[in-house]
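Visitor: I am attaching a structure below and will ask some questions about it afterwards.
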Amino acid sequence: MTPAQRDLLPASGGSAAPGVAIGGDYAAGGGERFSPVSPIDGAATMPVGQADRSDVGRAIAAAHESFLAWRSRPAPARGELVYEIGRRVREQKKQLAELITLEAGKIVAEAEGEVQEWIDICDFAVGLSRQLYGNTIASERPDHQLIESWRPLGAVGVISAFNFPCAVWAWNTMVALVCGDPVVWKPSEQTPLTALACHKVLVEAAEALGDCPPALSSVVIGAKEVGQALAEDPRLPLVSATGSVPMGRAVAQVVGGRLGRCLLELGGNNGMIVTPSADLKLAERAIVFGAVGTCGQRCTSLRRLFVHKSISAKLVDRLKGAYQGLPIGDPRDASTLIGPLVNQRSAGQMQAALQQAKDEGGEVLCGGDAVDPGAGGGCYVKPAIVRMPEQSSVMHAETFAPILYVVEYDQLDEAIALHNAVPQGLSSSILTTDVREAHTFLGPDGSDCGLVGVNIGTSGAEIGGAFGGEKETGGGRESGSDAWRQYMRRSTATINYGSELPLSQGIKFGSD
C-alpha cells in the first residue's frame with residue numbers, strides 16, 4: 001500500500017486495520033485477524049481485524065439508537081449530510097479509485113467510474129430528500145380524507161460483494177440516510193480497506209456537519225458468521241444483500257423467518273440478441289465491454305450471445321479480432337483494459353466451465369488460457385469466445401469469468417425463448433434497427449429481466465433507474481427511481497374533519 005492509500009483509512013493505532021467501525025469508534029474486533037491479498041500480484045495488502053457476533057450486536061444497537069434520533073430530522077436536513085459526503089468524495093475520487101484497484105483488481109477507468117457512481121447517487125439522494133412524496137386519496141365517506149405518508153424504517157443491514165466494493169454500499173447508504181435509516185455494513189473480506197475508507201468519508205462528513213447521531217454508519221468485517229448475525233437481528237428491519245444465489249437464499253430464509261424485508265441482488269448470466277438488422281460496429285463495442293469488462297466479474301457481464309445465423313460468421317470474426325487486441329495486465333497501467341481475476345479459485349472455475357462447454361459440444365474459438373503477468377502473481381486470463389451448438393447446461397449457470405457463449409438462431413421468438421430459459425433474470429439487451437423487434441423484446445413476451453436494453457450492452461446501468469432483476473436474481477431494486485420506498489414504511493392516515501362518523505362500505509352499526 002502507498003502512504004496515500006493508508007491516509008484514506010481510519011487511524012488504528014497499530015499496524016493492522018480495524019475490524020469494527022461504529023461511527024468514529026474503531027476496534028480490532030473479537031474475531032481472528034486476517035491478511036487479504038491484492039488480485040494484482042497476490043501480495044498481502046494490510047492485516048485486518050474481524051468482528052464477532054458480540055461486535056455485530058454492538059454495532060446494531062448503536063445504529064438503532066442513532067435511528068431514534070435521525071428519524072426525527074427533517075429529510076432535507078438529512079440530505080445536507082449526503083451533500084457533504086458527495087463533496088468530499090469528489091475531492092478524493094482518484095485516491096479512492098486507487099484503493100479499489102488495489103483490492104478488487106479493477107482497471108483505473110472502471111475504478112474511477114465506480115467512485116463516480118457514489119458521487120452520482122449522492123446527487124440523486126440530495127434531490128430525493130425533498131421528494132419523499134406520498135398520496136392524497138379520495139375517500140368514499142363525506143368529510144373524510146386519506147393521506148399516505150412515508151416514514152423512516154429503521155437501521156439497515158448491507159452485505160456487499162468484492163466486485164463493486166464501493167458503489168453497492170453507496171447505492172443503499174446514501175438513499176437510506178435521506179430516508180432516515182442508519183446502515184450497518186458487512187463488506188467482502190476481499191475489500192475491507194475500501195469499506196473502511198468509504199466509512200471514514202461518511203464519518204468525517206457527519207462530524208463536519210455537526211449534531212449528527214454517532215452511529216449513522218458502521219462496518220463489521222468478517223466471514224459468513226457476520227452476515228448471519230446481521231440477517232438474524234430483528235433490529236434490522238431490512239437487509240440488502242449482494243452476492244451469489246446460495247448466499248441470497250440463506251439470507252432470505254433467515255430474514256424471512258423473522259418476517260423482515262430482504263433486498264436481494266444475486267446472479268446475472270445475462271444475454272444479448274443480435275438480429276440481422278443490427279449495426280455490427282455498435283454490436284461489437286457493446287459485446288466486448290459487456291463480456292470482458294472487469295474481467296467478466298460483473299453481475300451484469302454478458303455471458304450468452306444469440307446471433308442470427310445470417311450474420312453469425314461475420315460478427316464472430318469481428319469479435320475474435322477485437323479480443324486479440326485487448327491489453328491484459330496490471331490494472332494500474334492506464335493502457336490496460338483487462339485486469340486479473342480475483343483469485344485462483346475463479347481461474348479454476350473458468351477452466352472447469354470451458355471444459356464442460358467442450359464436453360457439451362462447444363468449440364473454443366479464442367482465449368481461455370492463462371497470461372503470464374510477469375513479476376509477481378495474480379490470475380490473468382485471455383477472455384474466451386465459445387461457439388455452442390445449443391444452449392446446454394453450462395450456459396444455465398453463471399461463471400464469474402470472461403467467457404462468452406455464442407449460439408445461432410433462426411427466428412426472434414426462438415432467440416427470446418432461449419434468452420429467458422435460464423434461472424437468472426438481471427440484465428438483457430437486443431441489437432437491432434427494426435422497431436418491431438426492439439419493442440417485442442421490451443414487451444410482455446420479450447425479455448424477463450429487470451434491466452432491458454436496446455442497442456446497448458448489458459453492463460453500465462445509470463443510477464437514475466432502479467437496478468435489479470427477477471427470478472434467481474432476487475427481485476430487489478436499488479439506486480434510482482422509486483427504490484427508496486424499500487427503506488421506508490408506509491402509513492395510511494384517515495382524517496375525519498366532519499361532525500359525523502359514517503362507516504365505510506355503507507355499514508350501519510346500531511342507531512345514531
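Identifiers in the C-alpha cells: chain A, B, ... in order shown; residue index from 1 per chain; ligand index from 1 in order shown.
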Using only C-alpha atoms, what table do you get, as a Markdown table, when you list each residue of region 150-259 of chain A with an atom no more than 10 Å from region 111-129 of chain A, its nearest pair of atoms, and their distance in Å rounded to one decimal, rows by chain then rising number?
Guide:
```
| residue | atom | partner | partner_atom | distance |
| --- | --- | --- | --- | --- |
| A:Phe164 | CA | A:Glu114 | CA | 7.3 |
| A:Pro165 | CA | A:Glu114 | CA | 8.7 |
| A:Cys166 | CA | A:Val115 | CA | 6.9 |
| A:Ala167 | CA | A:Trp118 | CA | 5.6 |
| A:Val168 | CA | A:Trp118 | CA | 8.7 |
| A:Trp169 | CA | A:Trp118 | CA | 8.8 |
| A:Ala170 | CA | A:Trp118 | CA | 5.5 |
| A:Trp171 | CA | A:Ile121 | CA | 6.2 |
| A:Asn172 | CA | A:Ile121 | CA | 9.2 |
| A:Thr173 | CA | A:Ile121 | CA | 9.5 |
| A:Met174 | CA | A:Cys122 | CA | 6.1 |
| A:Val175 | CA | A:Ala125 | CA | 5.5 |
| A:Ala176 | CA | A:Ala125 | CA | 8.9 |
| A:Leu177 | CA | A:Ala125 | CA | 8.6 |
| A:Val178 | CA | A:Ser129 | CA | 5.5 |
| A:Cys179 | CA | A:Ser129 | CA | 7.3 |
| A:Gly180 | CA | A:Ser129 | CA | 9.7 |
| A:Cys198 | CA | A:Trp118 | CA | 9.8 |
```
Visitor: Determine which residues of region 25-198 of chain A receive a DSSP assignment of strand (DSSP E), computed from the backbone, and state them as a ChimeraX atom specification.
Guide: /A:25-27,31-34,48-50,136-137,144-152,156-159,183-186
Visitor: Go ahead and save the residues from that selection, with C-alpha atoms, as a short mmCIF file (atom, residue, chain, number, x, y, z; two decimals), in the first residue's frame.
Guide:
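Once written, part37.cif looks like this:
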```cif
data_model
loop_
_atom_site.label_atom_id
_atom_site.label_comp_id
_atom_site.auth_asym_id
_atom_site.auth_seq_id
_atom_site.Cartn_x
_atom_site.Cartn_y
_atom_site.Cartn_z
CA ASP A 25 -15.11 4.40 17.22
CA TYR A 26 -12.76 1.73 15.88
CA ALA A 27 -11.74 -1.63 17.33
CA GLY A 31 -12.54 -12.33 15.55
CA GLU A 32 -9.21 -13.56 14.28
CA ARG A 33 -7.06 -11.10 12.31
CA PHE A 34 -6.52 -11.93 8.61
CA VAL A 48 -7.31 -6.51 9.15
CA GLY A 49 -9.28 -7.35 12.28
CA GLN A 50 -12.56 -9.23 12.27
CA THR A 136 -53.80 12.09 -1.15
CA ILE A 137 -56.65 9.68 -1.87
CA HIS A 144 -63.01 12.40 5.20
CA GLN A 145 -59.60 12.34 3.56
CA LEU A 146 -56.98 9.60 3.08
CA ILE A 147 -53.30 10.53 3.16
CA GLU A 148 -50.37 8.19 2.52
CA SER A 149 -47.05 9.10 4.12
CA TRP A 150 -43.61 7.50 4.06
CA ARG A 151 -41.70 7.22 7.35
CA PRO A 152 -38.17 6.06 8.23
CA VAL A 156 -30.50 -1.28 7.56
CA GLY A 157 -28.03 -4.13 7.11
CA VAL A 158 -25.95 -4.17 3.92
CA ILE A 159 -23.93 -7.16 2.69
CA VAL A 183 -26.57 1.44 7.96
CA VAL A 184 -24.54 -1.48 9.32
CA TRP A 185 -22.29 -2.79 6.55
CA LYS A 186 -20.60 -6.16 6.10
#
```
Visitor: What does the distance from CA of Leu68 (chain A) to CA of Thr194 (chain A) come to in Å, to one decimal?
Guide: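 Spanning CA of Leu68 (chain A) to CA of Thr194 (chain A) is a straight-line distance of 28.4 Å.
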Visitor: Excluding same-chain residues fewer than 2 positions from region 462-466 of chain A, what lies within 10 Å of it counting only C-alpha atoms, as a list of chain:residue names?
Guide: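 With the cut-off at 10 Å, the set is A:Glu117, A:Trp118, A:Asp120, A:Ile121, A:Phe124, A:Trp171, A:Gly450, A:Leu451, A:Ser459, A:Gly460, A:Gly468, A:Gly469, A:Gly476, A:Arg477, A:Glu478, A:Ser479, A:Gly480, A:Ser481, A:Asp482, A:Ala483, A:Trp484.
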Visitor: The selected residues should be written to file as a compact mmCIF listing (two decimals), in the first residue's frame (atoms: N, CA and C atoms).
Guide:
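Output (part.txt):
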```
# COMPACT_ATOMS: atom_id res chain seq x y z
N GLU A 117 -20.04 6.66 -9.44
CA GLU A 117 -21.38 6.20 -9.07
C GLU A 117 -21.76 6.68 -7.68
N TRP A 118 -20.80 6.66 -6.76
CA TRP A 118 -21.05 7.17 -5.41
C TRP A 118 -21.42 8.65 -5.47
N ASP A 120 -22.66 10.27 -8.02
CA ASP A 120 -23.95 10.41 -8.69
C ASP A 120 -25.11 10.08 -7.76
N ILE A 121 -24.97 9.02 -6.96
CA ILE A 121 -26.07 8.66 -6.07
C ILE A 121 -26.20 9.67 -4.94
N PHE A 124 -28.34 12.31 -6.53
CA PHE A 124 -29.71 11.81 -6.60
C PHE A 124 -30.38 11.86 -5.24
N TRP A 171 -25.11 2.98 -3.12
CA TRP A 171 -26.50 2.97 -3.60
C TRP A 171 -27.45 2.83 -2.43
N GLY A 450 -34.92 -7.70 -15.22
CA GLY A 450 -35.20 -6.41 -14.63
C GLY A 450 -34.59 -5.26 -15.39
N LEU A 451 -33.51 -5.51 -16.12
CA LEU A 451 -32.84 -4.50 -16.93
C LEU A 451 -32.90 -4.94 -18.39
N SER A 459 -24.00 -4.16 -19.51
CA SER A 459 -23.37 -3.51 -18.36
C SER A 459 -23.46 -2.00 -18.48
N GLY A 460 -23.36 -1.32 -17.33
CA GLY A 460 -23.28 0.13 -17.33
C GLY A 460 -24.58 0.83 -17.03
N GLY A 468 -31.88 -3.89 -10.65
CA GLY A 468 -32.17 -5.19 -10.06
C GLY A 468 -32.81 -6.12 -11.07
N GLY A 469 -33.05 -7.36 -10.66
CA GLY A 469 -33.57 -8.35 -11.59
C GLY A 469 -34.56 -9.30 -10.97
N GLY A 476 -34.82 -7.73 -6.07
CA GLY A 476 -34.54 -6.48 -5.39
C GLY A 476 -34.35 -5.32 -6.36
N ARG A 477 -34.50 -4.11 -5.85
CA ARG A 477 -34.25 -2.90 -6.64
C ARG A 477 -33.49 -1.90 -5.78
N GLU A 478 -32.38 -1.41 -6.33
CA GLU A 478 -31.54 -0.43 -5.64
C GLU A 478 -31.40 0.82 -6.49
N SER A 479 -30.81 1.84 -5.91
CA SER A 479 -30.41 3.05 -6.60
C SER A 479 -31.61 3.95 -6.89
N GLY A 480 -31.92 4.22 -8.17
CA GLY A 480 -32.83 5.30 -8.53
C GLY A 480 -34.29 4.92 -8.58
N SER A 481 -35.04 5.76 -9.33
CA SER A 481 -36.49 5.63 -9.47
C SER A 481 -37.13 5.63 -8.09
N ASP A 482 -38.04 4.68 -7.82
CA ASP A 482 -38.71 4.64 -6.53
C ASP A 482 -38.15 3.55 -5.62
N ALA A 483 -36.88 3.14 -5.85
CA ALA A 483 -36.26 2.14 -4.99
C ALA A 483 -36.20 2.61 -3.54
N TRP A 484 -36.25 3.93 -3.32
CA TRP A 484 -36.19 4.48 -1.96
C TRP A 484 -37.30 3.96 -1.08
```
Visitor: Nearest to Asp211 (chain A): which of A:Glu110, A:Gly257, A:Arg73, A:Leu230 is it, counting only C-alpha atoms?
Guide: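 Comparing A:Glu110, A:Gly257, A:Arg73, A:Leu230 against Asp211 (chain A), the winner is A:Arg73.
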Visitor: Name the residues of region 446-491 of chain A that come out as helix (DSSP H, G or I) in a backbone DSSP run; write them as a PDB file with N, CA and C atoms, in the first residue's frame.
Guide:
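Done, and the output landed in selection_15.pdb:
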```
ATOM      1  N   ALA A 483     -36.882   3.138  -5.855  1.00  0.00           N
ATOM      2  CA  ALA A 483     -36.257   2.136  -4.993  1.00  0.00           C
ATOM      3  C   ALA A 483     -36.197   2.607  -3.542  1.00  0.00           C
ATOM      4  N   TRP A 484     -36.250   3.928  -3.323  1.00  0.00           N
ATOM      5  CA  TRP A 484     -36.189   4.481  -1.965  1.00  0.00           C
ATOM      6  C   TRP A 484     -37.305   3.960  -1.079  1.00  0.00           C
ATOM      7  N   ARG A 485     -38.418   3.545  -1.642  1.00  0.00           N
ATOM      8  CA  ARG A 485     -39.557   3.119  -0.836  1.00  0.00           C
ATOM      9  C   ARG A 485     -39.249   1.881   0.001  1.00  0.00           C
ATOM     10  N   GLN A 486     -38.278   1.086  -0.447  1.00  0.00           N
ATOM     11  CA  GLN A 486     -37.915  -0.102   0.326  1.00  0.00           C
ATOM     12  C   GLN A 486     -37.291   0.247   1.672  1.00  0.00           C
ATOM     13  N   TYR A 487     -36.751   1.458   1.785  1.00  0.00           N
ATOM     14  CA  TYR A 487     -36.068   1.880   3.004  1.00  0.00           C
ATOM     15  C   TYR A 487     -36.999   2.641   3.950  1.00  0.00           C
TER      16      TYR A 487
END
```
Visitor: Might you pull out every residue within 9 Å of Ile85 (chain A), with only C-alpha atoms counted and same-chain residues fewer than 5 positions away left off, and present them as a VMD selection string?
Guide: chain A and resid 80 90 119 122 174 201 to 206
Visitor: Contacts of Ile385 (chain A) at 12 Å or less, counting only C-alpha atoms, minus same-chain residues fewer than 6 places along, as a VMD selection string?
Guide: chain A and resid 287 to 288 291 to 292 302 to 305 315 to 324 354 357 to 358 362 to 369 401 to 407
Visitor: Looking at A:Pro389, A:Glu437, A:Glu414, A:Ile273, which one is nearest to Thr458 (chain A), with distances taken over only C-alpha atoms?
Guide: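 Result for the nearest residue to Thr458 (chain A): A:Ile273.
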Visitor: Using only C-alpha atoms, find the one residue out of A:Asp359, A:Glu390, A:Asp434, A:Glu470 that sits nearest to Ala415 (chain A).
Guide: A:Glu390
Visitor: When you draw a straight line from CA of Ile338 (chain A) to CA of Val386 (chain A), how long is it in Å?
Guide: 18.6 Å
Visitor: Could you please determine the separation between CA of Pro340 (chain A) and CA of Ile40 (chain A) in Å, to one decimal place?
Guide: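 About the pair CA of Pro340 (chain A) and CA of Ile40 (chain A): they are 6.3 Å apart.
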